[in-house]
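A.B. asks: Structure: work.csv, CSV, C-alpha atoms.
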```csv
chain,number,residue,atom,x,y,z
A,129,LYS,CA,-43.6,-178.3,-149.4
A,130,LYS,CA,-46.9,-179.8,-148.6
A,131,ILE,CA,-48.1,-182.2,-151.3
A,132,GLY,CA,-50.9,-184.2,-149.6
A,133,ASP,CA,-53.3,-184.2,-146.7
A,134,GLY,CA,-54.8,-187.5,-145.8
A,135,THR,CA,-57.0,-188.9,-143.0
A,136,CYS,CA,-54.1,-189.8,-140.7
A,137,SER,CA,-51.1,-187.8,-142.0
A,138,VAL,CA,-49.8,-184.7,-143.8
A,139,VAL,CA,-47.4,-185.4,-146.6
A,140,LEU,CA,-44.4,-183.1,-147.4
A,141,ALA,CA,-42.0,-183.3,-150.3
A,142,GLN,CA,-38.3,-183.2,-149.3
A,143,GLY,CA,-36.8,-182.5,-152.7
A,144,ASP,CA,-37.4,-184.8,-155.6
A,145,ALA,CA,-36.5,-188.1,-153.9
A,146,THR,CA,-38.2,-188.2,-150.5
A,147,VAL,CA,-41.6,-187.6,-148.9
A,148,VAL,CA,-42.1,-187.0,-145.2
A,149,LYS,CA,-45.4,-188.2,-143.6
A,150,LEU,CA,-46.4,-186.5,-140.4
A,151,ALA,CA,-48.9,-188.2,-138.2
A,152,LYS,CA,-52.0,-186.1,-137.3
A,153,TYR,CA,-52.9,-188.1,-134.2
A,154,ASP,CA,-51.3,-190.1,-131.5
A,155,HIS,CA,-52.5,-193.6,-132.5
A,156,LEU,CA,-50.3,-196.0,-134.4
A,157,ASP,CA,-51.3,-195.5,-138.0
A,158,LEU,CA,-47.9,-194.5,-139.2
A,159,SER,CA,-46.2,-197.2,-137.2
A,160,THR,CA,-48.5,-199.7,-138.7
A,161,ASP,CA,-48.1,-198.2,-142.2
A,162,TYR,CA,-44.3,-198.6,-141.9
A,163,ARG,CA,-44.3,-202.1,-140.6
A,164,MET,CA,-46.8,-203.4,-143.1
A,165,HIS,CA,-45.1,-201.4,-145.9
A,166,LEU,CA,-41.8,-203.1,-145.1
A,167,TYR,CA,-43.4,-206.5,-145.0
A,168,ILE,CA,-45.3,-206.1,-148.3
A,169,PHE,CA,-42.3,-204.5,-150.0
A,170,GLU,CA,-40.3,-207.7,-149.3
A,171,LYS,CA,-43.2,-210.0,-150.4
A,172,PHE,CA,-43.4,-208.2,-153.8
A,173,ARG,CA,-39.7,-208.8,-154.2
A,174,GLU,CA,-40.1,-212.4,-153.2
A,175,TYR,CA,-42.8,-213.1,-155.7
A,176,GLY,CA,-41.3,-211.2,-158.6
A,177,VAL,CA,-43.8,-208.3,-158.7
A,178,SER,CA,-41.7,-205.4,-157.5
A,179,LEU,CA,-40.4,-204.7,-161.0
A,180,LEU,CA,-43.9,-204.5,-162.4
A,181,VAL,CA,-45.9,-202.7,-159.7
A,182,LYS,CA,-43.7,-200.2,-157.7
A,183,LEU,CA,-43.8,-199.6,-154.0
A,184,PRO,CA,-42.0,-196.6,-152.7
A,185,LYS,CA,-38.9,-197.6,-150.7
A,186,PRO,CA,-39.6,-197.2,-147.0
A,187,ASN,CA,-36.6,-195.3,-145.6
A,188,CYS,CA,-37.3,-195.0,-141.9
A,189,TYR,CA,-39.9,-194.4,-139.2
A,190,ILE,CA,-39.3,-192.1,-136.2
A,191,SER,CA,-41.7,-192.2,-133.3
A,192,LYS,CA,-42.9,-189.1,-131.5
A,193,SER,CA,-40.8,-189.9,-128.5
A,194,ASN,CA,-37.6,-190.1,-130.6
A,195,THR,CA,-38.0,-187.3,-133.2
A,196,SER,CA,-35.4,-184.9,-131.9
A,197,ALA,CA,-32.8,-185.9,-134.5
A,198,ALA,CA,-35.3,-185.5,-137.3
A,199,TYR,CA,-36.3,-182.1,-136.2
A,200,ARG,CA,-32.7,-180.9,-136.3
A,201,ASP,CA,-33.4,-180.5,-140.0
A,202,ARG,CA,-34.7,-177.0,-139.9
A,203,ASP,CA,-36.7,-177.3,-143.1
A,204,ILE,CA,-38.7,-180.3,-141.7
A,205,GLU,CA,-39.2,-178.5,-138.4
A,206,ASN,CA,-40.5,-175.4,-140.0
A,207,ALA,CA,-42.7,-177.2,-142.5
A,208,ALA,CA,-44.1,-179.4,-139.8
A,209,ARG,CA,-45.1,-176.5,-137.6
A,210,GLU,CA,-46.8,-174.8,-140.6
A,211,VAL,CA,-49.0,-177.8,-141.4
A,212,TRP,CA,-49.4,-179.8,-138.2
A,213,HIS,CA,-48.4,-179.9,-134.5
A,214,ALA,CA,-44.8,-180.9,-133.7
A,215,PRO,CA,-43.3,-183.1,-132.6
A,216,THR,CA,-45.2,-186.1,-134.0
A,217,ASP,CA,-44.5,-189.5,-135.6
A,218,ILE,CA,-42.6,-189.2,-138.9
A,219,LEU,CA,-42.3,-191.6,-141.8
A,220,PHE,CA,-39.8,-191.1,-144.6
A,221,LEU,CA,-40.5,-192.8,-147.9
A,222,GLU,CA,-39.2,-192.7,-151.5
A,223,ARG,CA,-41.2,-190.1,-153.4
A,224,VAL,CA,-43.4,-191.1,-156.3
A,225,ARG,CA,-42.4,-188.7,-159.0
A,226,PRO,CA,-45.3,-186.7,-160.5
A,227,LEU,CA,-46.5,-187.1,-164.0
A,228,PRO,CA,-44.8,-185.0,-166.7
A,229,LEU,CA,-45.9,-181.7,-168.2
A,230,PHE,CA,-47.4,-183.1,-171.3
A,231,THR,CA,-49.6,-185.4,-169.2
A,232,ARG,CA,-50.8,-182.6,-167.0
A,233,VAL,CA,-51.6,-180.5,-170.1
A,234,PHE,CA,-53.5,-183.4,-171.6
A,235,LEU,CA,-55.6,-183.9,-168.4
A,236,ILE,CA,-56.4,-180.2,-167.9
A,237,GLU,CA,-57.3,-179.6,-171.5
A,238,ARG,CA,-59.6,-182.7,-171.7
A,239,TYR,CA,-61.3,-182.8,-168.3
A,240,PHE,CA,-61.2,-179.3,-166.6
A,241,ASP,CA,-63.9,-176.7,-167.0
A,242,PRO,CA,-62.9,-174.2,-169.7
A,243,ALA,CA,-63.3,-171.3,-167.3
A,244,ILE,CA,-60.4,-172.5,-165.1
A,245,LYS,CA,-58.1,-174.2,-167.6
A,246,GLU,CA,-55.6,-171.3,-167.9
A,247,LYS,CA,-55.4,-170.9,-164.1
A,248,ALA,CA,-55.0,-174.6,-163.7
A,249,LEU,CA,-52.1,-174.7,-166.2
A,250,LYS,CA,-50.2,-172.1,-164.2
A,251,ASP,CA,-51.0,-173.4,-160.7
A,252,PRO,CA,-47.8,-174.8,-159.1
A,253,GLU,CA,-49.8,-177.3,-157.0
A,254,ASN,CA,-50.8,-179.1,-160.2
A,255,GLU,CA,-47.2,-180.0,-160.8
A,256,ASP,CA,-47.7,-182.6,-158.0
A,257,CYS,CA,-49.8,-184.7,-160.4
A,258,LEU,CA,-50.5,-188.4,-159.6
A,259,VAL,CA,-53.4,-190.2,-161.3
A,260,ARG,CA,-55.7,-192.7,-159.5
A,261,PRO,CA,-56.9,-195.2,-162.1
A,262,TYR,CA,-60.5,-196.1,-161.2
A,263,LEU,CA,-61.1,-199.1,-163.3
A,264,GLY,CA,-64.1,-200.0,-161.3
A,265,SER,CA,-66.0,-196.8,-162.1
A,266,MET,CA,-67.8,-195.6,-165.3
A,267,ASN,CA,-68.8,-192.3,-163.6
A,268,GLY,CA,-66.1,-189.9,-164.7
A,269,ARG,CA,-67.4,-186.6,-166.0
A,270,VAL,CA,-65.7,-183.7,-167.8
A,271,GLY,CA,-65.7,-180.4,-165.9
A,272,ARG,CA,-65.7,-181.8,-162.3
A,273,TYR,CA,-62.0,-181.3,-161.7
A,274,SER,CA,-60.2,-178.4,-160.2
A,275,SER,CA,-56.9,-180.0,-159.2
A,276,LEU,CA,-54.4,-182.6,-160.6
A,277,ARG,CA,-53.4,-183.8,-157.1
A,278,ASN,CA,-54.7,-187.4,-156.7
A,279,PHE,CA,-56.6,-187.0,-160.0
A,280,GLY,CA,-59.3,-189.8,-160.3
A,281,LEU,CA,-59.3,-191.1,-163.9
A,282,HIS,CA,-62.4,-193.3,-164.4
A,283,LEU,CA,-62.6,-196.2,-166.8
A,284,ASN,CA,-65.2,-194.5,-169.1
A,285,GLN,CA,-62.8,-191.6,-169.4
A,286,MET,CA,-59.9,-193.9,-170.4
A,287,ILE,CA,-62.1,-195.6,-173.0
A,288,GLU,CA,-63.3,-192.3,-174.4
A,289,ALA,CA,-59.7,-191.0,-174.7
A,290,GLU,CA,-58.5,-194.3,-176.1
A,291,LEU,CA,-56.0,-194.7,-173.3
A,292,ASP,CA,-54.7,-198.2,-172.6
A,293,PHE,CA,-56.4,-199.6,-169.5
A,294,GLN,CA,-55.5,-203.2,-170.2
A,295,PRO,CA,-51.9,-203.1,-168.8
A,296,ILE,CA,-53.3,-201.4,-165.6
A,297,ALA,CA,-55.9,-204.1,-165.2
A,298,ALA,CA,-53.2,-206.8,-165.7
A,299,LEU,CA,-50.9,-205.3,-163.1
A,300,MET,CA,-53.6,-204.7,-160.6
A,301,GLY,CA,-54.5,-208.4,-160.9
A,302,LYS,CA,-50.9,-209.4,-160.2
A,303,ALA,CA,-50.6,-206.9,-157.3
A,304,LEU,CA,-53.8,-207.9,-155.6
A,305,ALA,CA,-53.0,-211.6,-155.9
A,306,THR,CA,-49.7,-211.0,-154.2
A,307,LEU,CA,-51.3,-208.9,-151.5
A,308,HIS,CA,-53.9,-211.7,-150.8
A,309,TRP,CA,-52.0,-214.9,-151.2
A,310,GLY,CA,-48.3,-213.9,-151.0
A,311,ALA,CA,-48.5,-211.5,-148.1
A,312,LYS,CA,-51.8,-213.0,-146.8
A,313,THR,CA,-53.4,-209.6,-146.3
A,314,ASP,CA,-56.8,-208.2,-147.1
A,315,ALA,CA,-55.4,-205.1,-149.0
A,316,ARG,CA,-57.8,-202.8,-147.2
A,317,GLY,CA,-57.3,-199.1,-148.0
A,318,VAL,CA,-54.4,-199.5,-150.4
A,319,GLU,CA,-53.9,-196.9,-153.1
A,320,PHE,CA,-52.9,-197.4,-156.7
A,321,VAL,CA,-51.6,-194.4,-158.6
A,322,LEU,CA,-49.9,-193.7,-161.9
A,323,GLY,CA,-46.7,-191.8,-161.5
A,324,SER,CA,-43.4,-191.3,-163.2
A,325,SER,CA,-40.6,-193.9,-162.8
A,326,ASN,CA,-37.8,-193.1,-160.4
A,327,THR,CA,-35.3,-194.4,-162.9
A,328,THR,CA,-34.4,-193.3,-166.4
A,329,VAL,CA,-34.6,-196.3,-168.8
A,330,PRO,CA,-35.0,-196.9,-172.5
A,331,GLU,CA,-38.3,-198.4,-173.7
A,332,THR,CA,-38.2,-202.1,-172.9
A,333,HIS,CA,-40.7,-204.9,-172.6
A,334,ILE,CA,-41.1,-207.3,-169.7
A,335,SER,CA,-42.1,-210.5,-171.4
A,336,ASN,CA,-43.2,-212.4,-168.4
A,337,ALA,CA,-45.7,-209.7,-167.5
A,338,GLY,CA,-47.3,-209.6,-170.9
A,339,VAL,CA,-47.3,-205.8,-170.8
A,340,SER,CA,-44.8,-203.1,-171.6
A,341,ALA,CA,-42.6,-201.4,-169.0
A,342,THR,CA,-43.4,-198.1,-170.6
A,343,LYS,CA,-47.1,-199.0,-170.3
A,344,PHE,CA,-49.1,-195.8,-170.2
A,345,ARG,CA,-49.5,-193.1,-172.7
A,346,PHE,CA,-51.6,-190.0,-172.3
A,347,ASP,CA,-51.1,-188.6,-175.8
A,348,ASN,CA,-52.4,-191.4,-178.1
A,349,GLY,CA,-48.9,-191.6,-179.6
A,350,SER,CA,-49.2,-188.3,-181.4
A,351,ASP,CA,-46.9,-186.1,-179.5
A,352,SER,CA,-43.2,-186.3,-180.3
A,353,ASN,CA,-42.2,-184.6,-177.0
A,354,ALA,CA,-44.2,-187.3,-175.2
A,355,ALA,CA,-42.3,-190.0,-177.1
A,356,GLU,CA,-39.0,-188.4,-176.2
A,357,TYR,CA,-39.9,-188.3,-172.6
A,358,MET,CA,-41.0,-191.9,-172.6
A,359,ASP,CA,-37.6,-193.0,-173.9
A,360,HIS,CA,-36.1,-191.6,-170.7
A,361,ARG,CA,-38.7,-192.1,-167.9
A,362,SER,CA,-41.6,-194.4,-168.0
A,363,ILE,CA,-45.0,-194.1,-166.3
A,364,ASP,CA,-45.4,-196.8,-163.6
A,365,LEU,CA,-48.2,-198.2,-161.5
A,366,TRP,CA,-47.4,-197.5,-157.9
A,367,LEU,CA,-48.9,-199.0,-154.7
A,368,PHE,CA,-48.9,-197.5,-151.2
A,369,ASP,CA,-50.8,-196.7,-148.0
A,370,PHE,CA,-50.9,-199.8,-145.9
A,371,ASN,CA,-52.0,-198.5,-142.5
A,372,ARG,CA,-55.4,-200.2,-142.7
A,373,VAL,CA,-54.2,-203.5,-144.1
A,374,GLY,CA,-54.9,-206.6,-142.0
A,375,TYR,CA,-53.9,-210.2,-142.2
A,376,ILE,CA,-56.2,-212.9,-143.5
A,377,THR,CA,-56.4,-216.7,-142.9
A,378,LEU,CA,-56.3,-219.1,-145.9
A,379,ASP,CA,-59.9,-220.1,-145.6
A,380,LYS,CA,-63.4,-218.9,-146.5
A,381,GLU,CA,-63.3,-216.4,-143.6
A,382,GLY,CA,-60.2,-214.9,-145.1
A,383,VAL,CA,-61.8,-214.7,-148.5
A,384,ALA,CA,-64.9,-212.9,-147.0
A,385,GLN,CA,-62.6,-210.4,-145.3
A,386,ALA,CA,-60.7,-209.7,-148.6
A,387,VAL,CA,-64.0,-209.3,-150.5
A,388,GLU,CA,-65.3,-206.8,-147.9
A,389,ALA,CA,-62.0,-204.9,-147.9
A,390,ALA,CA,-62.2,-204.6,-151.7
A,391,THR,CA,-65.7,-203.2,-151.7
A,392,MET,CA,-64.7,-200.6,-149.0
A,393,ASN,CA,-61.8,-199.1,-151.0
A,394,ASP,CA,-61.9,-196.5,-153.8
A,395,PRO,CA,-63.0,-198.1,-157.1
A,396,TYR,CA,-59.5,-199.1,-158.4
A,397,LEU,CA,-60.3,-202.7,-159.2
A,398,PRO,CA,-62.3,-203.6,-162.4
A,399,LEU,CA,-65.8,-204.9,-161.8
A,400,PRO,CA,-67.8,-207.6,-163.6
A,401,PHE,CA,-70.0,-205.2,-165.6
A,402,ALA,CA,-72.9,-207.0,-167.2
A,403,GLU,CA,-72.7,-205.2,-170.6
A,404,PRO,CA,-70.1,-206.6,-173.1
A,405,GLY,CA,-67.4,-204.1,-174.1
A,406,PRO,CA,-64.2,-202.6,-172.7
A,407,ALA,CA,-65.4,-202.6,-169.1
A,408,GLN,CA,-66.0,-206.3,-169.3
A,409,GLU,CA,-62.6,-206.7,-170.9
A,410,ALA,CA,-61.0,-204.9,-168.0
A,411,TRP,CA,-62.6,-207.4,-165.6
A,412,TYR,CA,-61.5,-210.4,-167.7
A,413,ILE,CA,-57.9,-209.2,-167.9
A,414,PHE,CA,-57.8,-208.4,-164.2
A,415,SER,CA,-59.3,-211.8,-163.3
A,416,LEU,CA,-57.0,-213.7,-165.6
A,417,PHE,CA,-53.8,-212.1,-164.2
A,418,TYR,CA,-55.1,-212.4,-160.7
A,419,LEU,CA,-55.7,-216.1,-161.0
A,420,ASN,CA,-52.5,-216.7,-162.8
A,421,LYS,CA,-50.4,-215.1,-160.1
A,422,ALA,CA,-52.4,-216.6,-157.3
A,423,GLY,CA,-52.0,-220.0,-158.8
A,424,HIS,CA,-48.2,-219.6,-159.0
A,425,ILE,CA,-48.1,-218.4,-155.4
A,426,LEU,CA,-50.3,-221.2,-154.0
A,427,ARG,CA,-49.0,-224.0,-156.3
A,428,ASP,CA,-47.7,-226.1,-153.3
A,429,GLU,CA,-50.8,-225.6,-151.1
A,430,TYR,CA,-53.7,-228.0,-150.6
A,431,LYS,CA,-56.5,-228.2,-153.1
A,432,ASP,CA,-59.0,-226.3,-150.9
A,433,VAL,CA,-56.5,-223.4,-150.5
A,434,LYS,CA,-55.9,-223.3,-154.3
A,435,GLN,CA,-59.7,-222.6,-154.8
A,436,LEU,CA,-59.7,-219.5,-152.6
A,437,PRO,CA,-58.7,-217.0,-155.3
A,438,LEU,CA,-61.6,-218.1,-157.4
A,439,LEU,CA,-63.9,-217.8,-154.4
A,440,PHE,CA,-62.7,-214.2,-154.0
A,441,LEU,CA,-63.6,-213.3,-157.6
A,442,GLY,CA,-66.9,-215.1,-157.1
A,443,GLY,CA,-67.6,-213.0,-154.1
A,444,ILE,CA,-67.0,-209.8,-156.1
A,445,VAL,CA,-69.3,-211.0,-158.8
A,446,THR,CA,-72.0,-211.9,-156.3
A,447,LEU,CA,-71.9,-208.5,-154.7
A,448,GLU,CA,-71.9,-206.6,-158.0
A,449,TYR,CA,-74.9,-208.5,-159.3
A,450,LYS,CA,-76.9,-207.9,-156.1
A,451,LYS,CA,-76.7,-204.1,-156.7
```
How would this structure read if it were set down as structure tokens?

C.D. replies:
Amino acid sequence: KKIGDGTCSVVLAQGDATVVKLAKYDHLDLSTDYRMHLYIFEKFREYGVSLLVKLPKPNCYISKSNTSAAYRDRDIENAAREVWHAPTDILFLERVRPLPLFTRVFLIERYFDPAIKEKALKDPENEDCLVRPYLGSMNGRVGRYSSLRNFGLHLNQMIEAELDFQPIAALMGKALATLHWGAKTDARGVEFVLGSSNTTVPETHISNAGVSATKFRFDNGSDSNAAEYMDHRSIDLWLFDFNRVGYITLDKEGVAQAVEAATMNDPYLPLPFAEPGPAQEAWYIFSLFYLNKAGHILRDEYKDVKQLPLLFLGGIVTLEYKK
């Protein structure tokens, strides 16, 4: 079934374990996405981040000129013809499992217009719920939502609902530092989402991350069913969509490219808000974990290179205070 429709691809679910991305156009977006995804996937493993921030496993890429084998799967062929022209480039990825029922109910009850809540609870499309954590926005409003697909949860909403944003800020810091200084990329256009873990595990703590593996609760700890679920499948921070990512050089020009890319993306990353409070705390945590991870990655580099992560954060601060 169709679960997503982006700028360059249509996304289909093939069971619980796999998604199929179908290219909308003839340019190389899916090919680039696959090659960069493979590269960053390995860098996250190399620098010890893959257990903390999850990347969907890239299974395979099939170009338009070589899709005959893929289209022997009648379900893929029929689904592709319903949503887009076929044949086209195809990318197979591990599926990010949607968030559980108690989370969906929480989001609908809290943020949807009362007039559509009952319909939303019954809508099968809302079963495909992933949350985009917008730590760089304080503009979330109740009543604006009509779908749980790619649900944008803003920092002010997390604060009002007493949800833990601190672990998300910490993991975003580690992830972005790895993208910048481990993979040497600008992280342009990447997406962070909260989704269910693809493995069932007991509640554990990852000491070297400073945050819990079962990091995110949407029930304020009050729902026994939620606690039961969390004993079996955690909620993880996932990272994907690498088709716009470019390489950077380890110099001031590379920093400028990374700053510009960060400002062009959705507001995932915390910002240096001027007013003291939780928003400023999110920026502090993000910056701390970003610099810590970057320092580890660049520990053997020259002094000038070691200063680049701080220049990146300074660039974000400068742009924010110019607004």

A.B. asks: Using only C-alpha atoms, find the one residue out of A:Phe368, A:Tyr167, A:Phe172, A:Tyr273 that sits nearest to Glu222 (chain A).

C.D. replies: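 Going through A:Phe368, A:Tyr167, A:Phe172, A:Tyr273 one by one, the smallest distance to Glu222 (chain A) is for A:Phe368.
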
A.B. asks: Nearest to Ile413 (chain A): which of A:Phe293, A:Phe230, A:Tyr430, A:Phe440 is it, counting all atoms listed in the file?

C.D. replies: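 Checking each candidate against Ile413 (chain A), we get A:Phe293 as the closest.
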
A.B. asks: Take CA of Cys188 (chain A) and CA of Tyr162 (chain A) and report the distance between them in Å, one decimal.

C.D. replies: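 According to the coordinates, CA of Cys188 (chain A) and CA of Tyr162 (chain A) are separated by 7.9 Å.
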
A.B. asks: Quick one: residues within 12 Å of (-64.6, -186.7, -164.3) (file frame), counting only C-alpha atoms, please, as a ChimeraX atom specification.

C.D. replies: /A:235-236,238-241,260-262,265-276,279-286,288

A.B. asks: Between A:Pro184, A:Gly134, A:Gly176, A:Pro395, which residue has the minimum interatomic distance to Ala303 (chain A), considering all atoms listed in the file?

C.D. replies: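 Counting all atoms listed in the file, the residue closest to Ala303 (chain A) is A:Gly176.
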
A.B. asks: With only C-alpha atoms as the atoms that count, which of A:Asp292, A:Glu403, A:Asp217, A:Glu170 lies nearest to Leu307 (chain A)?

C.D. replies: A:Glu170
